[in-house]
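Heads up: the structure comes next, in structure tokens.
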Amino acid sequence: MDPPSAGSPYQPVIEALENHPQKKFYNVSKLGGTKYDTLPYSIRVLFESSVRNCDGFLVKETDAMNILDWKTKQNHVEVPFCPARVVLQDFTGIPAMVDFAAMREAVRNAGGDPVKVNPACPTDLTVDHSLQIDFSKCAIQNAPNPGGGEVPKPPARLSPLRAQPRKVPCRGQGGCRGGPCESGRHPAPFSAQIENTPILCPFHLQPVPEPETVLKNQEMEFGRNRERLQFFKWSSKVFKNISIIPPETGTAHQVNLEYLSKVVFEVKDLLYPDSVVGTDSHTTMVNGLGILGWGVGGIETEAVMLGMPLTLTLPEVVGCELTGTVSPFATSIDIVLSITKHLRQAEVAGKFVEFFGSGVSQLSVADRTTIANMCPEYGAILSFFPVDNVTLKHLKHTGLDKAKLEVMEAYLKAVKLFRNDESSSREPDYSQVVQVSLSSIIPYVSGPKRSQDRVAVNNMKSDFQACLNEKCGVKGFQIAAEKQEDTVPVQYEGNEYKLSHGCVVIAAVISCTNNCNPSVMLAAGLLAKKAVEAGLVVKPYIRTSLSPGSGMVTHYLSSSGVLPYLSKLGFEVVGYGCSTCVGNTAPLPEAIRNAIKQGDIVACGVLSGTKNFEGRLCDCVRANYLASPPLVVAYAIAGTVRIDFETEPLGIGFNGKSIYLRDIWPTRKELHTVEEEYVISSMFKELKEKMEKGNKRWNLLEAPESTLFPWDSKSTYIRCPSFFDKLAKEPVAPQPVENAHVLLYLGDSVTTDHISPAGSIARSSAAAKYLTSKGLTPREFNSYGARRGNDAVMTRGTFANIKLLNKFIGKPAPKTIHFPSGQTLDVFEAAELYQKEGIPVIILAGKKYGLGSSRDWAAKGPFLLGVKAVLAESFEKVHRSQLIGIGIAPLQFRPGENPSTLGLTGKEQFSILFPPELSPRMTLDVKTSTGKVFSVIALFENNMEITLYKYGGSLNFVARRFL
């Protein structure tokens, strides 16, 4: 937002930044004496926002002082927060943009200037949620598969990086440049495009045409969603202060983290902390960069876009102190999961978490953002990592201008938002402190039969021995004691080897779901490099493979120089898809299979995937372990899981020297250096190029440039909603609700999933009937999420959940009774009849109405159904605010009362009288057609909420400013 007017009471604390006189900032550290120094860093960001945005109306001086008194006011007061920006994804963003388009229409109709209707808060919308998987194909070959289809099987151990001993054809792939590879000839520097799922030619490592399935899905996306995409294109042209990131650029959280995040905002030479609210569930990731942000619902987001503050109860802040030193063998995954487990046990739900202590600097930004992204796992609102030297170093590698970095650092230090590790620096006061010793985090593997059976790596040898002894079951193999040391000699490729219990015969490095953090793949590569340099090898009979989750992984493994070393050990790229995890692995050599069966050997597979069911990899491989990528390489080198890495060498290197795992394991410093220099810089460079070039399909997409959107009455995706039909410049007195029927009589714990349209559109639903009437077939219905820009579909999908239990019906069904006629109808059909008859409707409910995720259509839908009030025993706080924000009155039964105790059947008609002047939490009288009178509490918590309600909700309140 723009800086506040000259009348702001905090103008005197505006200063020029040292050595940068043209840069101004609010030096909030000078307010409140030592109180500011004791505030958690996250609360300091809230405080700065309240000071900078203080206007005496939306944000008052008392609000700022309440935040400054956080220590005594936490959990007791509500405060406003004006974030620096908003992030939307397309499913939740389209209703917001449709509302803005409708607002322009309403302002024009009311005599105002529609051009003035724009987001007041900088907003970015990423089109990333549209793609549905209409076509899929999973074909993994033993060797690299350039096109995802059937290809001749190449020779074993064919390396994509080494020159081959003989001329090998390129399988006719037109995307290969430079002709076939010949002996002693290989294209020099590796070049690969970074896409979501590119396929690289295994002989040239150059991009080849995208698989047919990917192209088909993308074409389907643009075809199915053309109307929505054209609407987004129009929005990007006519609205100021909003940026639309087109499809195929990246996911919302990726773009937010890697491109949109500023850390420090600068508007008209005024500096202030970056902060964000978003409708994407991954919004909390930015807290790993020192940017305060979390996810909220669509109605709150639209209000923020229009310049309204977000209201939150001043939260408790749990300090998570990280101490000790991380075990050299612990990976980022071990660290993230361990910290997540500690926070889950600490009961931090509904609170801020903030990290401090000497151990924080050992976490890379990738680690921090992953931990911050895990907030839903432990229930925190956010997990905040203040900016420190690690953050600055990361930003440097993203390509941030040196001058901007200097200004950023100077500003953050000036307002005491920069964390350092000096023992003399005072730590903030926290509501409570949770201590996590990084030294206690040790690496684990899972197996040998179930992923939930975790085994500490330092106990692996003894645990496997116990498995041999145990009876056959979830862990046991019941091998007789006298046979546990048996070995079976086997001839393979001219050499003799001995197989024994615990021998590794399959080793697969996979970077799919649980190993997307780049550091673990790099660790595998660096370990392979050191192993090869030390003279270690992998026995040739072990079926090794490398299946990157995307071409990006191949790119950074190659650009960091480790891919040839993985290949040297046999870990060569086999393709991009589900491979060893789902049992897609090449058969073991026949000699090895025979030897295993002959000696009844308990052979092992080790992989870094997600599944390890017995017999999944191969019917003769009875023990399967899940491990981190570097441990997969280590066990492959060792050739057995019966090894104590602390006391036993992995193998014999050059000059007969014993090489231990500790000798070749990469340090965290090495990992972070390579990660920042190769992975981070590549990712940011690629994303920046994508942002600048745009998308070919998007660039060619035509869209109108008119001030008002030309609504198409035939469209089933985009429709002008009726939220602004009664737009008024001045508030009107609350209107009484007279002789209302009950649309739904619900019980306890009705969630937003019960209320809001979501998922696929059932063929028998009211929404399906509407779409069919428009000439669509079921194949063209798409989903409620994709049709959020059409209020006719969304209103029909409100309360359409098949699990909805309406007491009028007596069983789960999206049905209700239209009492004037006695008909049992779909909820929408009954509501439509009531509206035609001019009869208002209300909802009766029990405790915790509106539980679950914040969903804007859980309020918008009931409003468009004609619901005037919800009478419930209690409300979920966020949903209560959303009801007010759309113009529905949340009314709460008095303590100890509910429909049953009051003798209500729901079949009565209800009249609710609102006085001309409302006050927070005032009592209202409700009269029924049977003569019963009872009282309810109007759950307006403050005068601002009453004002919003009088205007018909937050959207109408802000829209009237443009008249």
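Residues in the structure tokens are numbered from 1 in each chain, the chains being A, B, ... in the order shown, and ligands are numbered from 1 in the order shown.
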Range 260-328 of chain A: residues DSSP assigns to alpha helix (DSSP H), reported as a list in words: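 Restricting range 260-328 of chain A to alpha helix (DSSP H) produces Gly298, Ile299, Glu300, Thr301, Glu302, Ala303, Val304 and Met305 of chain A.
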Any idea what's packed within 7 Å of range 622-638 of chain A, counting only C-alpha atoms, ignoring anything in its chain fewer than 3 positions away? Could you give it as a PDB file with C-alpha atoms, in the first residue's frame?
ATOM      1  CA  VAL A 445      15.917 -46.267   7.504  1.00  0.00           C
ATOM      2  CA  SER A 446      12.558 -48.028   7.255  1.00  0.00           C
ATOM      3  CA  GLY A 447      12.003 -51.733   6.815  1.00  0.00           C
ATOM      4  CA  PRO A 448      12.514 -54.513   6.137  1.00  0.00           C
ATOM      5  CA  LYS A 449       8.848 -54.999   5.208  1.00  0.00           C
ATOM      6  CA  VAL A 504      22.186 -55.770  -1.326  1.00  0.00           C
ATOM      7  CA  ALA A 507      19.807 -50.077  -4.949  1.00  0.00           C
ATOM      8  CA  ALA A 508      17.628 -47.325  -6.397  1.00  0.00           C
ATOM      9  CA  VAL A 509      18.003 -43.582  -5.899  1.00  0.00           C
ATOM     10  CA  VAL A 520      19.613 -35.141  -0.307  1.00  0.00           C
ATOM     11  CA  MET A 521      20.118 -35.783  -4.015  1.00  0.00           C
ATOM     12  CA  ALA A 523      24.461 -35.563  -0.952  1.00  0.00           C
ATOM     13  CA  ALA A 524      24.146 -38.790  -2.919  1.00  0.00           C
ATOM     14  CA  LEU A 527      29.171 -39.106  -1.719  1.00  0.00           C
ATOM     15  CA  VAL A 537      33.193 -49.531  -6.522  1.00  0.00           C
ATOM     16  CA  VAL A 538      29.742 -51.141  -6.543  1.00  0.00           C
ATOM     17  CA  VAL A 602      17.416 -63.002   2.599  1.00  0.00           C
ATOM     18  CA  ALA A 603      18.570 -60.537  -0.064  1.00  0.00           C
ATOM     19  CA  CYS A 604      17.877 -56.819   0.256  1.00  0.00           C
ATOM     20  CA  GLY A 605      16.714 -53.902  -1.830  1.00  0.00           C
ATOM     21  CA  VAL A 606      17.491 -50.364  -0.676  1.00  0.00           C
ATOM     22  CA  LEU A 607      15.705 -47.400  -2.238  1.00  0.00           C
ATOM     23  CA  SER A 608      14.913 -43.779  -1.502  1.00  0.00           C
ATOM     24  CA  GLY A 609      11.264 -44.025  -2.484  1.00  0.00           C
ATOM     25  CA  THR A 610       8.077 -44.352  -0.480  1.00  0.00           C
ATOM     26  CA  ASN A 612       8.843 -51.159   0.505  1.00  0.00           C
ATOM     27  CA  GLU A 614       7.775 -57.480   0.791  1.00  0.00           C
ATOM     28  CA  GLY A 615       8.337 -58.906  -2.681  1.00  0.00           C
ATOM     29  CA  VAL A 641      22.976 -54.019   5.211  1.00  0.00           C
ATOM     30  CA  LEU A 650      32.569 -49.579   3.332  1.00  0.00           C
ATOM     31  CA  GLY A 651      35.290 -51.195   1.263  1.00  0.00           C
TER      32      GLY A 651
END
Contacts of range 662-676 of chain A at 9 Å (only C-alpha atoms; same-chain gap of 6+ positions) as a ChimeraX atom specification: /A:326,328-329,331,362-364,393-394,397-398,518-520,522-524,526-531,534,556,560,630,645-646
Polymer residues at most 12 Å from Val115 in chain A, only C-alpha atoms, same-chain spacing of 4 or more positions, as a VMD selection string: chain A and resid 100 to 101 103 to 108 119 238 to 240 706 to 709 962 to 963
Take the selection from the previous step and output its residues with C-alpha atoms, as a PDB file, in the first residue's frame.
ATOM      1  CA  PHE A 100     -13.630  -7.060  -8.921  1.00  0.00           C
ATOM      2  CA  ALA A 101     -15.091  -7.158 -12.437  1.00  0.00           C
ATOM      3  CA  MET A 103     -17.660  -4.290  -8.690  1.00  0.00           C
ATOM      4  CA  ARG A 104     -16.609  -2.230 -11.709  1.00  0.00           C
ATOM      5  CA  GLU A 105     -19.999  -2.934 -13.283  1.00  0.00           C
ATOM      6  CA  ALA A 106     -21.866  -1.917 -10.105  1.00  0.00           C
ATOM      7  CA  VAL A 107     -19.830   1.257  -9.621  1.00  0.00           C
ATOM      8  CA  ARG A 108     -20.536   2.278 -13.221  1.00  0.00           C
ATOM      9  CA  PRO A 119      -6.681  -3.812  -5.902  1.00  0.00           C
ATOM     10  CA  VAL A 238      -7.151  -3.688 -17.172  1.00  0.00           C
ATOM     11  CA  PHE A 239      -6.477  -3.909 -13.433  1.00  0.00           C
ATOM     12  CA  LYS A 240      -3.630  -2.005 -11.864  1.00  0.00           C
ATOM     13  CA  SER A 706     -12.390  -2.940 -22.328  1.00  0.00           C
ATOM     14  CA  THR A 707     -12.723  -1.225 -18.938  1.00  0.00           C
ATOM     15  CA  LEU A 708     -15.735  -3.433 -18.160  1.00  0.00           C
ATOM     16  CA  PHE A 709     -15.661  -7.148 -18.781  1.00  0.00           C
ATOM     17  CA  PHE A 962     -15.592   4.403  -5.518  1.00  0.00           C
ATOM     18  CA  LEU A 963     -18.958   6.185  -5.795  1.00  0.00           C
TER      19      LEU A 963
END
Non-local contacts of range 298-312 of chain A (9 Å; only C-alpha atoms; under 2 positions in same chain excluded) as a PyMOL selection string: chain A and resi 1+58-59+77-83+85-88+92-93+95-97+99-100+117-123+277-279+296+314-315+854-857+859-860+881-882+885-886+954-955+958-959
Residues near Gly359 in chain A, cut-off 9 Å, only C-alpha atoms, skip fewer than 5 positions along chain, as a PyMOL selection string: chain A and resi 321-326+437-438
Nearest candidate to Val490 in chain A (options A:Arg593, A:His282, A:Arg880, A:Lys927; using only C-alpha atoms):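 Closest candidate: A:Arg593.
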Spatial neighbours of Gly838 in chain A, max dist 12 Å, only C-alpha atoms, sep filter under 5 positions, as JSON, numbers by chain: {"A": [737, 738, 739, 740, 741, 831, 832, 833, 866]}
Strand (DSSP E) residues, from DSSP on the backbone, in range 303-518 of chain A, as a PyMOL selection string: chain A and resi 310-313+317-323+352-356+382-384+432-437+444-446+454-456+487-492+495-500+504-510
Atomic distance CA of Thr947 in chain A - CA of Asn66 in chain A, expressed in Å with one decimal: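 Distance reported for this atom pair: 22.2 Å.
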